[in-house]
file data-v8.csv (CSV, C-alpha atoms and all ligand atoms)
chain,number,residue,atom,x,y,z
A,1,MET,CA,37.9,17.0,-15.1
A,2,GLN,CA,35.5,14.2,-14.1
A,3,THR,CA,37.1,11.4,-12.0
A,4,VAL,CA,36.4,7.8,-13.0
A,5,GLU,CA,35.2,6.8,-9.6
A,6,PRO,CA,31.5,7.9,-10.1
A,7,LEU,CA,31.4,6.2,-13.5
A,8,LEU,CA,32.7,2.9,-11.9
A,9,GLN,CA,30.2,3.2,-9.1
A,10,GLU,CA,27.4,3.7,-11.6
A,11,ALA,CA,28.6,0.8,-13.8
A,12,GLU,CA,28.7,-1.5,-10.7
A,13,PHE,CA,25.2,-0.4,-9.7
A,14,ASP,CA,23.8,-1.1,-13.2
A,15,GLN,CA,25.5,-4.5,-13.3
A,16,LYS,CA,23.9,-5.4,-9.9
A,17,ILE,CA,20.5,-4.5,-11.3
A,18,LEU,CA,21.1,-6.5,-14.4
A,19,ASP,CA,22.3,-9.5,-12.4
A,20,GLU,CA,19.2,-9.4,-10.2
A,21,GLN,CA,21.3,-8.6,-7.1
A,22,LYS,CA,19.7,-6.6,-4.4
A,23,ILE,CA,20.9,-3.0,-3.7
A,24,GLU,CA,21.6,-2.7,0.0
A,25,PRO,CA,21.6,0.5,2.2
A,26,ARG,CA,25.4,0.6,2.3
A,27,ASP,CA,25.8,0.3,-1.5
A,28,TRP,CA,26.3,3.3,-3.8
A,29,MET,CA,23.1,4.2,-5.6
A,30,PRO,CA,22.1,7.0,-8.0
A,31,GLU,CA,20.5,9.9,-6.2
A,32,ALA,CA,17.4,9.7,-8.4
A,33,TYR,CA,17.0,5.9,-7.5
A,34,ARG,CA,17.2,6.8,-3.8
A,35,LYS,CA,14.6,9.6,-4.1
A,36,ASN,CA,12.3,7.5,-6.2
A,37,LEU,CA,12.4,4.7,-3.6
A,38,ILE,CA,11.8,7.1,-0.7
A,39,ARG,CA,8.8,8.4,-2.6
A,40,GLN,CA,7.2,5.0,-3.4
A,41,MET,CA,8.1,3.2,-0.1
A,42,SER,CA,7.0,6.1,2.1
A,43,GLN,CA,3.7,6.4,0.2
A,44,HIS,CA,3.3,2.7,0.6
A,45,ALA,CA,3.9,3.0,4.4
A,46,HIS,CA,1.5,5.9,4.6
A,47,SER,CA,-1.2,3.8,2.8
A,48,GLU,CA,-0.8,1.0,5.4
A,49,VAL,CA,-1.2,3.5,8.3
A,50,ILE,CA,-4.0,5.6,6.8
A,51,GLY,CA,-5.7,2.4,5.7
A,52,MET,CA,-6.3,1.5,9.3
A,53,GLN,CA,-8.9,4.3,9.6
A,54,PRO,CA,-11.9,3.1,7.5
A,55,GLU,CA,-11.7,-0.3,9.1
A,56,GLY,CA,-10.9,1.0,12.6
A,57,ASN,CA,-14.3,2.7,12.4
A,58,TRP,CA,-15.9,-0.8,12.6
A,59,ILE,CA,-14.1,-2.3,15.5
A,60,THR,CA,-16.7,-1.4,18.0
A,61,ARG,CA,-19.5,-2.4,15.6
A,62,ALA,CA,-18.3,-5.8,14.4
A,63,PRO,CA,-21.3,-8.2,14.5
A,64,THR,CA,-19.7,-10.9,16.7
A,65,LEU,CA,-16.8,-11.2,19.1
A,66,ARG,CA,-15.0,-13.5,16.6
A,67,ARG,CA,-15.3,-10.9,13.8
A,68,LYS,CA,-14.1,-8.2,16.2
A,69,ALA,CA,-11.0,-10.2,17.2
A,70,VAL,CA,-10.1,-10.9,13.5
A,71,LEU,CA,-10.6,-7.3,12.5
A,72,LEU,CA,-8.5,-6.1,15.4
A,73,ALA,CA,-5.7,-8.5,14.4
A,74,LYS,CA,-5.9,-7.4,10.7
A,75,ILE,CA,-5.7,-3.7,11.6
A,76,GLN,CA,-2.7,-4.4,13.9
A,77,ASP,CA,-1.1,-6.1,11.0
A,78,GLU,CA,-1.5,-3.0,8.9
A,79,ALA,CA,0.2,-0.9,11.6
A,80,GLY,CA,3.0,-3.5,11.5
A,81,HIS,CA,3.3,-3.2,7.7
A,82,GLY,CA,3.6,0.6,8.1
A,83,LEU,CA,6.4,0.1,10.7
A,84,TYR,CA,8.4,-2.3,8.5
A,85,LEU,CA,8.0,0.1,5.5
A,86,TYR,CA,8.9,3.2,7.5
A,87,SER,CA,12.0,1.4,8.9
A,88,ALA,CA,13.0,0.2,5.4
A,89,THR,CA,12.6,3.8,4.1
A,90,GLU,CA,14.7,5.2,6.9
A,91,THR,CA,17.6,3.0,5.6
A,92,LEU,CA,17.7,5.4,2.6
A,93,GLY,CA,18.8,8.3,4.9
A,94,CYS,CA,15.6,10.1,5.8
A,95,THR,CA,14.0,10.4,9.2
A,96,ARG,CA,10.6,9.2,10.4
A,97,SER,CA,9.6,12.8,11.3
A,98,GLU,CA,10.4,14.0,7.8
A,99,LEU,CA,8.2,11.2,6.3
A,100,ILE,CA,5.3,12.0,8.7
A,101,GLU,CA,5.6,15.7,7.9
A,102,ALA,CA,5.4,14.9,4.1
A,103,LEU,CA,2.2,12.9,4.7
A,104,GLN,CA,0.6,15.6,6.9
A,105,THR,CA,1.4,18.5,4.6
A,106,GLY,CA,0.2,16.6,1.5
A,107,LYS,CA,3.6,16.4,-0.1
A,108,ALA,CA,3.4,12.6,0.0
A,109,LYS,CA,0.5,10.6,-1.3
A,110,TYR,CA,-1.2,7.5,0.1
A,111,ALA,CA,-3.5,5.0,-1.7
A,112,SER,CA,-6.6,6.9,-2.9
A,113,ILE,CA,-8.9,4.0,-1.8
A,114,PHE,CA,-8.6,5.1,1.8
A,115,ASN,CA,-10.2,8.4,1.0
A,116,TYR,CA,-13.6,6.7,0.7
A,117,PRO,CA,-15.8,6.0,3.7
A,118,ALA,CA,-16.6,2.5,5.0
A,119,LEU,CA,-20.4,2.8,5.1
A,120,THR,CA,-21.6,-0.6,6.2
A,121,TRP,CA,-20.2,-3.9,7.7
A,122,ALA,CA,-20.1,-5.3,4.2
A,123,ASP,CA,-17.5,-2.6,3.4
A,124,VAL,CA,-15.1,-4.3,5.8
A,125,GLY,CA,-15.6,-7.5,3.9
A,126,ALA,CA,-15.2,-5.9,0.5
A,127,THR,CA,-12.1,-4.0,1.7
A,128,GLY,CA,-10.4,-7.1,2.9
A,129,TRP,CA,-11.3,-9.0,-0.2
A,130,LEU,CA,-10.8,-6.3,-2.9
A,131,VAL,CA,-8.4,-3.8,-1.4
A,132,ASP,CA,-6.1,-6.4,0.2
A,133,GLY,CA,-6.6,-8.5,-2.8
A,134,ALA,CA,-5.4,-5.7,-5.1
A,135,ALA,CA,-2.5,-4.9,-2.7
A,136,ILE,CA,-1.3,-8.5,-2.8
A,137,VAL,CA,-1.2,-8.7,-6.6
A,138,ASN,CA,1.0,-5.5,-6.6
A,139,GLN,CA,3.1,-6.6,-3.6
A,140,ILE,CA,3.9,-10.1,-4.9
A,141,ALA,CA,5.7,-8.4,-7.8
A,142,LEU,CA,7.4,-6.1,-5.3
A,143,GLN,CA,8.9,-9.1,-3.4
A,144,ARG,CA,11.4,-9.0,-6.3
A,145,THR,CA,12.0,-5.3,-6.2
A,146,SER,CA,15.7,-4.3,-6.5
A,147,TYR,CA,16.1,-2.7,-3.0
A,148,GLY,CA,16.8,-5.3,-0.4
A,149,PRO,CA,15.0,-3.9,2.6
A,150,TYR,CA,11.9,-3.2,0.6
A,151,ALA,CA,11.9,-6.7,-1.0
A,152,ARG,CA,12.3,-8.4,2.4
A,153,ALA,CA,9.6,-6.4,4.0
A,154,MET,CA,7.3,-7.4,1.2
A,155,VAL,CA,7.7,-11.2,1.8
A,156,ARG,CA,6.2,-10.9,5.3
A,157,ILE,CA,3.6,-8.4,4.3
A,158,CYS,CA,2.3,-10.6,1.5
A,159,LYS,CA,1.8,-13.5,3.9
A,160,GLU,CA,-0.3,-11.3,6.2
A,161,GLU,CA,-2.2,-9.7,3.3
A,162,SER,CA,-3.2,-13.1,2.1
A,163,PHE,CA,-4.9,-13.8,5.4
A,164,HIS,CA,-6.6,-10.4,5.2
A,165,GLN,CA,-7.9,-11.1,1.7
A,166,ARG,CA,-9.4,-14.4,2.9
A,167,GLN,CA,-11.1,-12.9,6.0
A,168,GLY,CA,-12.6,-10.3,3.7
A,169,TYR,CA,-13.9,-12.9,1.3
A,170,GLU,CA,-15.3,-14.9,4.2
A,171,ILE,CA,-17.3,-11.9,5.4
A,172,MET,CA,-18.6,-11.4,1.8
A,173,PHE,CA,-19.5,-15.0,1.4
A,174,ALA,CA,-21.5,-15.1,4.7
A,175,LEU,CA,-23.4,-11.9,3.6
A,176,ALA,CA,-23.9,-13.0,-0.1
A,177,LYS,CA,-25.3,-16.3,1.1
A,178,GLY,CA,-27.4,-14.7,3.9
A,179,SER,CA,-30.7,-12.9,3.9
A,180,PRO,CA,-31.8,-10.8,0.8
A,181,GLN,CA,-30.9,-7.7,2.8
A,182,GLN,CA,-27.4,-9.0,3.6
A,183,LYS,CA,-26.8,-10.0,0.0
A,184,GLN,CA,-27.9,-6.5,-1.1
A,185,MET,CA,-25.4,-5.0,1.4
A,186,ALA,CA,-22.6,-7.1,-0.1
A,187,GLN,CA,-23.6,-6.1,-3.6
A,188,ASP,CA,-23.6,-2.5,-2.7
A,189,ALA,CA,-20.3,-2.6,-1.0
A,190,MET,CA,-18.7,-4.4,-3.9
A,191,ASN,CA,-20.2,-2.0,-6.4
A,192,ARG,CA,-18.7,1.0,-4.6
A,193,ILE,CA,-15.3,-0.5,-3.7
A,194,TRP,CA,-14.7,-2.1,-7.1
A,195,TRP,CA,-13.6,1.0,-9.0
A,196,PRO,CA,-11.4,2.5,-6.3
A,197,SER,CA,-9.7,-0.9,-6.1
A,198,LEU,CA,-8.9,-0.8,-9.8
A,199,MET,CA,-7.4,2.7,-9.2
A,200,MET,CA,-5.0,1.3,-6.7
A,201,PHE,CA,-2.8,0.1,-9.6
A,202,GLY,CA,-2.2,3.7,-10.7
A,203,PRO,CA,-2.8,5.4,-14.1
A,204,HIS,CA,-2.6,3.6,-17.4
A,205,ASP,CA,1.0,2.7,-18.3
A,206,ALA,CA,1.1,5.5,-21.0
A,207,ASP,CA,0.2,8.1,-18.3
A,208,SER,CA,2.4,6.8,-15.5
A,209,ALA,CA,5.1,9.3,-14.7
A,210,HIS,CA,7.4,7.0,-12.9
A,211,SER,CA,6.9,3.6,-14.4
A,212,SER,CA,9.4,3.6,-17.2
A,213,GLN,CA,12.4,4.6,-15.0
A,214,SER,CA,11.1,2.4,-12.1
A,215,MET,CA,10.9,-0.6,-14.4
A,216,LYS,CA,14.4,0.0,-15.7
A,217,TRP,CA,15.7,0.1,-12.1
A,218,LYS,CA,13.6,-2.9,-11.2
A,219,ILE,CA,11.9,-1.0,-8.4
A,220,LYS,CA,8.6,-2.0,-10.2
A,221,ARG,CA,8.6,-5.4,-11.8
A,222,GLN,CA,5.3,-5.3,-13.6
A,223,SER,CA,3.4,-2.4,-15.1
A,224,ASN,CA,0.2,-0.8,-13.6
A,225,ASP,CA,-2.0,-2.1,-16.4
A,226,PHE,CA,-0.6,-5.6,-16.4
A,227,LEU,CA,-1.2,-5.9,-12.6
A,228,ARG,CA,-4.7,-4.4,-12.8
A,229,GLN,CA,-5.7,-6.9,-15.5
A,230,LYS,CA,-4.3,-9.7,-13.4
A,231,PHE,CA,-6.4,-8.6,-10.5
A,232,ILE,CA,-9.5,-8.4,-12.6
A,233,ASP,CA,-9.0,-11.8,-14.1
A,234,GLN,CA,-8.6,-13.5,-10.7
A,235,THR,CA,-11.4,-11.6,-9.1
A,236,ILE,CA,-14.3,-12.1,-11.6
A,237,PRO,CA,-14.5,-15.9,-10.9
A,238,GLN,CA,-14.7,-15.0,-7.1
A,239,ILE,CA,-17.6,-12.7,-7.8
A,240,LYS,CA,-19.3,-15.6,-9.6
A,241,VAL,CA,-18.9,-17.8,-6.6
A,242,LEU,CA,-20.5,-15.2,-4.4
A,243,GLY,CA,-23.4,-15.1,-6.8
A,244,LEU,CA,-23.3,-11.3,-7.0
A,245,ASP,CA,-24.0,-9.2,-10.2
A,246,MET,CA,-20.9,-7.8,-11.9
A,247,PRO,CA,-19.9,-4.3,-10.7
A,248,ASP,CA,-19.2,-3.3,-14.3
A,249,PRO,CA,-21.7,-4.1,-17.1
A,250,GLU,CA,-18.8,-4.1,-19.6
A,251,ILE,CA,-17.1,-7.1,-18.0
A,252,ARG,CA,-16.8,-9.8,-20.6
A,253,TRP,CA,-14.4,-12.7,-21.3
A,254,ASN,CA,-12.3,-11.9,-24.3
A,255,LYS,CA,-11.3,-15.3,-25.8
A,256,LYS,CA,-8.8,-13.7,-28.2
A,257,ARG,CA,-7.0,-11.8,-25.5
A,258,GLY,CA,-7.4,-14.5,-22.8
A,259,HIS,CA,-8.5,-11.8,-20.4
A,260,TYR,CA,-11.6,-10.1,-19.2
A,261,ASP,CA,-12.5,-6.9,-20.9
A,262,HIS,CA,-13.9,-4.2,-18.6
A,263,GLY,CA,-15.2,-0.6,-18.6
A,264,GLU,CA,-13.0,2.5,-18.3
A,265,ILE,CA,-12.0,3.9,-14.9
A,266,ASN,CA,-13.2,7.4,-14.1
A,267,TRP,CA,-9.8,9.0,-14.2
A,268,ASP,CA,-11.2,12.5,-13.3
A,269,GLU,CA,-12.3,11.0,-10.0
A,270,PHE,CA,-8.9,9.3,-9.5
A,271,TYR,CA,-7.0,12.6,-10.0
A,272,GLN,CA,-9.4,14.5,-7.8
A,273,VAL,CA,-8.9,12.0,-5.0
A,274,ILE,CA,-5.1,11.8,-5.3
A,275,ASN,CA,-4.9,15.6,-5.3
A,276,GLY,CA,-6.7,15.9,-2.0
A,277,GLN,CA,-10.4,16.3,-3.1
A,278,GLY,CA,-11.8,12.8,-2.2
A,279,PRO,CA,-14.7,12.3,0.1
A,280,CYS,CA,-12.5,11.7,3.2
A,281,ASN,CA,-9.0,13.2,2.5
A,282,HIS,CA,-9.5,16.0,5.0
A,283,GLN,CA,-10.9,13.7,7.7
A,284,ARG,CA,-8.1,11.2,7.3
A,285,ILE,CA,-5.2,13.7,7.7
A,286,LYS,CA,-7.0,15.5,10.5
A,287,HIS,CA,-7.3,12.2,12.4
A,288,HIS,CA,-3.7,11.2,11.7
A,289,LYS,CA,-2.5,14.6,13.1
A,290,ARG,CA,-4.6,14.2,16.2
A,291,ALA,CA,-3.4,10.6,16.9
A,292,HIS,CA,0.2,11.7,16.2
A,293,ASP,CA,0.0,14.7,18.6
A,294,GLU,CA,-1.5,12.5,21.2
A,295,GLY,CA,1.5,10.1,20.9
A,296,GLU,CA,4.0,12.9,21.5
A,297,TRP,CA,4.5,11.8,25.2
A,298,VAL,CA,5.7,8.4,24.0
A,299,ARG,CA,8.3,9.9,21.7
A,300,GLU,CA,9.4,12.3,24.4
A,301,ALA,CA,9.8,9.4,26.9
A,302,VAL,CA,11.8,7.4,24.3
A,303,ARG,CA,14.1,10.5,23.6
A,304,ASN,CA,14.6,11.0,27.4
A,305,TYR,CA,15.4,7.3,27.9
A,306,ARG,CA,17.9,7.3,25.0
A,307,GLU,CA,19.6,10.5,26.4
A,308,LYS,CA,19.9,8.9,29.8
A,309,GLN,CA,21.4,5.7,28.3
A,310,ASN,CA,23.9,7.7,26.3
A,311,ARG,CA,25.0,9.7,29.3
A,312,ARG,CA,25.4,6.5,31.3
A,313,GLU,CA,27.5,4.9,28.5
A,314,ASN,CA,29.7,8.0,28.2
A,315,SER,CA,30.4,8.2,31.9
A,316,THR,CA,31.2,4.4,32.0
A,317,MET,CA,33.7,4.9,29.1
A,318,LYS,CA,35.4,7.8,30.8
A,319,LYS,CA,36.0,5.7,33.9
B,401,LIG,N1,-3.4,6.4,-4.9
B,401,LIG,O1,3.7,7.2,-12.1
B,401,LIG,P1,2.7,6.5,-11.3
B,401,LIG,C1,-2.7,-1.6,1.2
B,401,LIG,C2,0.2,8.5,-7.8
B,401,LIG,S1,-1.3,-1.0,0.6
B,401,LIG,C3,-2.7,7.5,-4.7
B,401,LIG,O2,2.1,5.3,-11.9
B,401,LIG,P2,4.2,4.8,-9.4
B,401,LIG,C4,-2.8,-2.4,2.4
B,401,LIG,C5,1.7,8.1,-7.7
B,401,LIG,O3,2.1,8.0,-6.3
B,401,LIG,C6,-1.7,-0.1,-0.8
B,401,LIG,N2,-1.7,7.9,-5.5
B,401,LIG,O4,3.4,6.1,-9.9
B,401,LIG,C7,-4.0,-2.2,3.1
B,401,LIG,C8,2.3,9.3,-8.4
B,401,LIG,O5,2.3,10.4,-7.6
B,401,LIG,P3,3.7,11.2,-7.1
B,401,LIG,C9,-0.6,0.8,-1.2
B,401,LIG,C10,-1.5,7.2,-6.6
B,401,LIG,O6,4.7,5.0,-8.1
B,401,LIG,C11,-5.2,-2.8,2.8
B,401,LIG,C12,1.3,9.5,-9.5
B,401,LIG,O7,0.1,9.0,-9.1
B,401,LIG,N3,0.3,0.0,-2.0
B,401,LIG,O8,-3.7,-1.3,0.5
B,401,LIG,C13,-2.2,6.0,-6.9
B,401,LIG,O9,5.1,4.4,-10.5
B,401,LIG,C14,-6.4,-2.6,3.5
B,401,LIG,C15,1.7,8.9,-10.8
B,401,LIG,O10,1.6,7.5,-10.8
B,401,LIG,C16,1.4,0.6,-2.5
B,401,LIG,O11,1.7,1.7,-2.3
B,401,LIG,C17,-3.2,5.6,-6.0
B,401,LIG,N4,-3.9,4.5,-6.2
B,401,LIG,O12,3.0,3.7,-9.4
B,401,LIG,C18,-4.0,-1.4,4.3
B,401,LIG,C19,2.2,-0.3,-3.3
B,401,LIG,N5,-1.7,5.5,-8.1
B,401,LIG,O13,4.4,10.2,-6.2
B,401,LIG,C20,-5.2,-1.2,5.0
B,401,LIG,C21,3.5,0.3,-3.7
B,401,LIG,C22,-0.8,6.3,-8.5
B,401,LIG,O14,4.5,11.5,-8.3
B,401,LIG,C23,-6.4,-1.8,4.6
B,401,LIG,N6,3.4,1.3,-4.7
B,401,LIG,N7,-0.6,7.3,-7.6
B,401,LIG,O15,3.2,12.4,-6.3
B,401,LIG,C24,3.3,1.1,-6.0
B,401,LIG,O16,3.4,0.0,-6.4
B,401,LIG,C25,3.3,2.3,-6.9
B,401,LIG,O17,3.7,3.4,-6.2
B,401,LIG,C26,1.9,2.5,-7.5
B,401,LIG,C27,1.9,3.8,-8.4
B,401,LIG,C28,1.5,1.4,-8.4
B,401,LIG,C29,0.8,2.8,-6.5
call {"tool": "encode", "arguments": {"input": "data-v8.csv", "output": "structure tokens"}}
result
Amino acid sequence: MQTVEPLLQEAEFDQKILDEQKIEPRDWMPEAYRKNLIRQMSQHAHSEVIGMQPEGNWITRAPTLRRKAVLLAKIQDEAGHGLYLYSATETLGCTRSELIEALQTGKAKYASIFNYPALTWADVGATGWLVDGAAIVNQIALQRTSYGPYARAMVRICKEESFHQRQGYEIMFALAKGSPQQKQMAQDAMNRIWWPSLMMFGPHDADSAHSSQSMKWKIKRQSNDFLRQKFIDQTIPQIKVLGLDMPDPEIRWNKKRGHYDHGEINWDEFYQVINGQGPCNHQRIKHHKRAHDEGEWVREAVRNYREKQNRRENSTMKK
């Protein structure tokens, strides 16, 4: 016979979600909620960490010392975001090494955008402006996600992403208002990065495997298509200020809808990239493995230090 306790726990959980209360690590939660959070949060953490690679490529080639210092600070912020998100994910009962293994073996995904190369300096600008811009639109909604540690991490991350978006736009502005060659470089970067930025919001709502349950649990607060449209609507006026041509010939203001209409995303390309067949998937994971292996001595030193501390504490207690 089923005991009433699990039913009570579930009812309490449902009520908390209904009342907009946060679920905390010590609270009871359905196993599927926990697993879904681990999936989304760890993929988010992986995106921040893998996302350092395309931009990292430009640190030694930044055009001025100021640009270099700003880019370094931005990339360090992304590492910090990865850390908050990994730590928040660990509160759900999984270890860092399990999460890293899932990334390196391809079990866990990361944002498809980072499987494209950063070909020119303008890509650094377009990435800050469009990729961080898309990330903020998504993450502002996630500040109200139902899991406490994730929501709190998002508050700080959003503040930093906002600086990232502005530094990207500033690079694009300088290029777009510069020489004809610089303007062309900005146009080319925007044309290439536009579509993968739209893909960051995931498949259409009707094709999104997790959305319906995630929205019920308030893990996701707004749908993929809603957020994508919001990003498009806020970005088109920014393109106009830059004086660049639209990256999509079908972009048109739709008075009736009160939104910009746009062309269809190439979903075949999206699925190819998220399933490991993008231009840089192999390179990104290979680089991550190498960096991770090279950091083994740090993890070993921490483990040894902890063991030593534990032995010292145990012997003090015995005395
Ligand atoms: N790329 O059912 P849905 C950043 C997967 S942070 C790869 O709609 P969901 C900062 C999805 O995981 C950017 N995979 O999934 C930065 C699922 O696969 P699974 C990262 C994608 O979770 C800037 C399957 O497709 N932000 O950029 C993508 O409900 C510059 C079905 O999709 C976040 O992660 C994609 N674009 O909605 C750093 C935000 N889209 O798990 C450096 C948090 C979908 O079943 C430089 N995440 N998939 O194997 C989310 O909001 C959600 O997870 C979505 C996807 C909206 C990404």
call {"tool": "residues_around", "arguments": {"input": "data-v8.csv", "residues": "His259 (chain A)", "least_positions_apart": "2", "cutoff": "12 Å", "atoms": "only C-alpha atoms", "output": "MDAnalysis selection string"}}
result
chainID A and resid 226 228:237 251:257 261:262
call {"tool": "closest_residue", "arguments": {"input": "data-v8.csv", "among": "A:Ala111, A:Pro149, A:Arg221, A:Ala122", "to": "Ser197 (chain A)", "atoms": "all atoms listed in the file"}}
result
A:Ala111
call {"tool": "atom_distance", "arguments": {"input": "data-v8.csv", "atom1": "CA of Met41 (chain A)", "atom2": "CA of Phe114 (chain A)"}}
result
16.9 Å
call {"tool": "residues_around", "arguments": {"input": "data-v8.csv", "residues": "region 136-143 of chain A", "least_positions_apart": "2", "cutoff": "12 Å", "atoms": "all atoms listed in the file", "output": "number ranges by chain"}}
result
A: 22, 40-41, 44, 81, 128-134, 145-166, 197-198, 200-202, 214-215, 218-235
call {"tool": "write_last_selection", "arguments": {"input": "data-v8.csv", "atoms": "C-alpha atoms", "output": "PDB file, in the frame of the given file"}}
result
ATOM      1  CA  LYS A  22      19.700  -6.600  -4.400  1.00  0.00           C
ATOM      2  CA  GLN A  40       7.200   5.000  -3.400  1.00  0.00           C
ATOM      3  CA  MET A  41       8.100   3.200  -0.100  1.00  0.00           C
ATOM      4  CA  HIS A  44       3.300   2.700   0.600  1.00  0.00           C
ATOM      5  CA  HIS A  81       3.300  -3.200   7.700  1.00  0.00           C
ATOM      6  CA  GLY A 128     -10.400  -7.100   2.900  1.00  0.00           C
ATOM      7  CA  TRP A 129     -11.300  -9.000  -0.200  1.00  0.00           C
ATOM      8  CA  LEU A 130     -10.800  -6.300  -2.900  1.00  0.00           C
ATOM      9  CA  VAL A 131      -8.400  -3.800  -1.400  1.00  0.00           C
ATOM     10  CA  ASP A 132      -6.100  -6.400   0.200  1.00  0.00           C
ATOM     11  CA  GLY A 133      -6.600  -8.500  -2.800  1.00  0.00           C
ATOM     12  CA  ALA A 134      -5.400  -5.700  -5.100  1.00  0.00           C
ATOM     13  CA  THR A 145      12.000  -5.300  -6.200  1.00  0.00           C
ATOM     14  CA  SER A 146      15.700  -4.300  -6.500  1.00  0.00           C
ATOM     15  CA  TYR A 147      16.100  -2.700  -3.000  1.00  0.00           C
ATOM     16  CA  GLY A 148      16.800  -5.300  -0.400  1.00  0.00           C
ATOM     17  CA  PRO A 149      15.000  -3.900   2.600  1.00  0.00           C
ATOM     18  CA  TYR A 150      11.900  -3.200   0.600  1.00  0.00           C
ATOM     19  CA  ALA A 151      11.900  -6.700  -1.000  1.00  0.00           C
ATOM     20  CA  ARG A 152      12.300  -8.400   2.400  1.00  0.00           C
ATOM     21  CA  ALA A 153       9.600  -6.400   4.000  1.00  0.00           C
ATOM     22  CA  MET A 154       7.300  -7.400   1.200  1.00  0.00           C
ATOM     23  CA  VAL A 155       7.700 -11.200   1.800  1.00  0.00           C
ATOM     24  CA  ARG A 156       6.200 -10.900   5.300  1.00  0.00           C
ATOM     25  CA  ILE A 157       3.600  -8.400   4.300  1.00  0.00           C
ATOM     26  CA  CYS A 158       2.300 -10.600   1.500  1.00  0.00           C
ATOM     27  CA  LYS A 159       1.800 -13.500   3.900  1.00  0.00           C
ATOM     28  CA  GLU A 160      -0.300 -11.300   6.200  1.00  0.00           C
ATOM     29  CA  GLU A 161      -2.200  -9.700   3.300  1.00  0.00           C
ATOM     30  CA  SER A 162      -3.200 -13.100   2.100  1.00  0.00           C
ATOM     31  CA  PHE A 163      -4.900 -13.800   5.400  1.00  0.00           C
ATOM     32  CA  HIS A 164      -6.600 -10.400   5.200  1.00  0.00           C
ATOM     33  CA  GLN A 165      -7.900 -11.100   1.700  1.00  0.00           C
ATOM     34  CA  ARG A 166      -9.400 -14.400   2.900  1.00  0.00           C
ATOM     35  CA  SER A 197      -9.700  -0.900  -6.100  1.00  0.00           C
ATOM     36  CA  LEU A 198      -8.900  -0.800  -9.800  1.00  0.00           C
ATOM     37  CA  MET A 200      -5.000   1.300  -6.700  1.00  0.00           C
ATOM     38  CA  PHE A 201      -2.800   0.100  -9.600  1.00  0.00           C
ATOM     39  CA  GLY A 202      -2.200   3.700 -10.700  1.00  0.00           C
ATOM     40  CA  SER A 214      11.100   2.400 -12.100  1.00  0.00           C
ATOM     41  CA  MET A 215      10.900  -0.600 -14.400  1.00  0.00           C
ATOM     42  CA  LYS A 218      13.600  -2.900 -11.200  1.00  0.00           C
ATOM     43  CA  ILE A 219      11.900  -1.000  -8.400  1.00  0.00           C
ATOM     44  CA  LYS A 220       8.600  -2.000 -10.200  1.00  0.00           C
ATOM     45  CA  ARG A 221       8.600  -5.400 -11.800  1.00  0.00           C
ATOM     46  CA  GLN A 222       5.300  -5.300 -13.600  1.00  0.00           C
ATOM     47  CA  SER A 223       3.400  -2.400 -15.100  1.00  0.00           C
ATOM     48  CA  ASN A 224       0.200  -0.800 -13.600  1.00  0.00           C
ATOM     49  CA  ASP A 225      -2.000  -2.100 -16.400  1.00  0.00           C
ATOM     50  CA  PHE A 226      -0.600  -5.600 -16.400  1.00  0.00           C
ATOM     51  CA  LEU A 227      -1.200  -5.900 -12.600  1.00  0.00           C
ATOM     52  CA  ARG A 228      -4.700  -4.400 -12.800  1.00  0.00           C
ATOM     53  CA  GLN A 229      -5.700  -6.900 -15.500  1.00  0.00           C
ATOM     54  CA  LYS A 230      -4.300  -9.700 -13.400  1.00  0.00           C
ATOM     55  CA  PHE A 231      -6.400  -8.600 -10.500  1.00  0.00           C
ATOM     56  CA  ILE A 232      -9.500  -8.400 -12.600  1.00  0.00           C
ATOM     57  CA  ASP A 233      -9.000 -11.800 -14.100  1.00  0.00           C
ATOM     58  CA  GLN A 234      -8.600 -13.500 -10.700  1.00  0.00           C
ATOM     59  CA  THR A 235     -11.400 -11.600  -9.100  1.00  0.00           C
TER      60      THR A 235
END
call {"tool": "atom_distance", "arguments": {"input": "data-v8.csv", "atom1": "atom O14 of ligand LIG 401 (chain B)", "atom2": "CA of Ala102 (chain A)"}}
result
12.9 Å
call {"tool": "atom_distance", "arguments": {"input": "data-v8.csv", "atom1": "CA of Ala176 (chain A)", "atom2": "CA of Ala79 (chain A)"}}
result
29.4 Å
call {"tool": "closest_residue", "arguments": {"input": "data-v8.csv", "among": "A:Gly263, A:Pro25, A:Gly276, A:Gly93", "to": "ligand LIG 401 (chain B)", "atoms": "all atoms listed in the file"}}
result
A:Gly276
call {"tool": "decode", "arguments": {"input": "data-v8.csv", "residues": "region 241-246 of chain A", "atoms": "N, CA and C atoms", "output": "mmCIF file, in the first residue's frame"}}
result
data_model
loop_
_atom_site.group_PDB
_atom_site.id
_atom_site.type_symbol
_atom_site.label_atom_id
_atom_site.label_comp_id
_atom_site.auth_asym_id
_atom_site.auth_seq_id
_atom_site.Cartn_x
_atom_site.Cartn_y
_atom_site.Cartn_z
ATOM 1 N N VAL A 241 20.720 51.645 -36.063
ATOM 2 C CA VAL A 241 21.649 52.671 -35.537
ATOM 3 C C VAL A 241 23.061 52.434 -36.091
ATOM 4 N N LEU A 242 23.433 51.188 -36.249
ATOM 5 C CA LEU A 242 24.758 50.881 -36.799
ATOM 6 C C LEU A 242 24.852 51.250 -38.288
ATOM 7 N N GLY A 243 23.687 51.330 -38.929
ATOM 8 C CA GLY A 243 23.670 51.644 -40.366
ATOM 9 C C GLY A 243 24.048 50.437 -41.214
ATOM 10 N N LEU A 244 23.852 49.241 -40.679
ATOM 11 C CA LEU A 244 24.168 48.028 -41.455
ATOM 12 C C LEU A 244 22.903 47.530 -42.166
ATOM 13 N N ASP A 245 23.122 46.717 -43.215
ATOM 14 C CA ASP A 245 21.981 46.094 -43.898
ATOM 15 C C ASP A 245 21.441 44.970 -43.026
ATOM 16 N N MET A 246 20.147 44.705 -43.149
ATOM 17 C CA MET A 246 19.542 43.635 -42.342
ATOM 18 C C MET A 246 20.144 42.279 -42.718
#
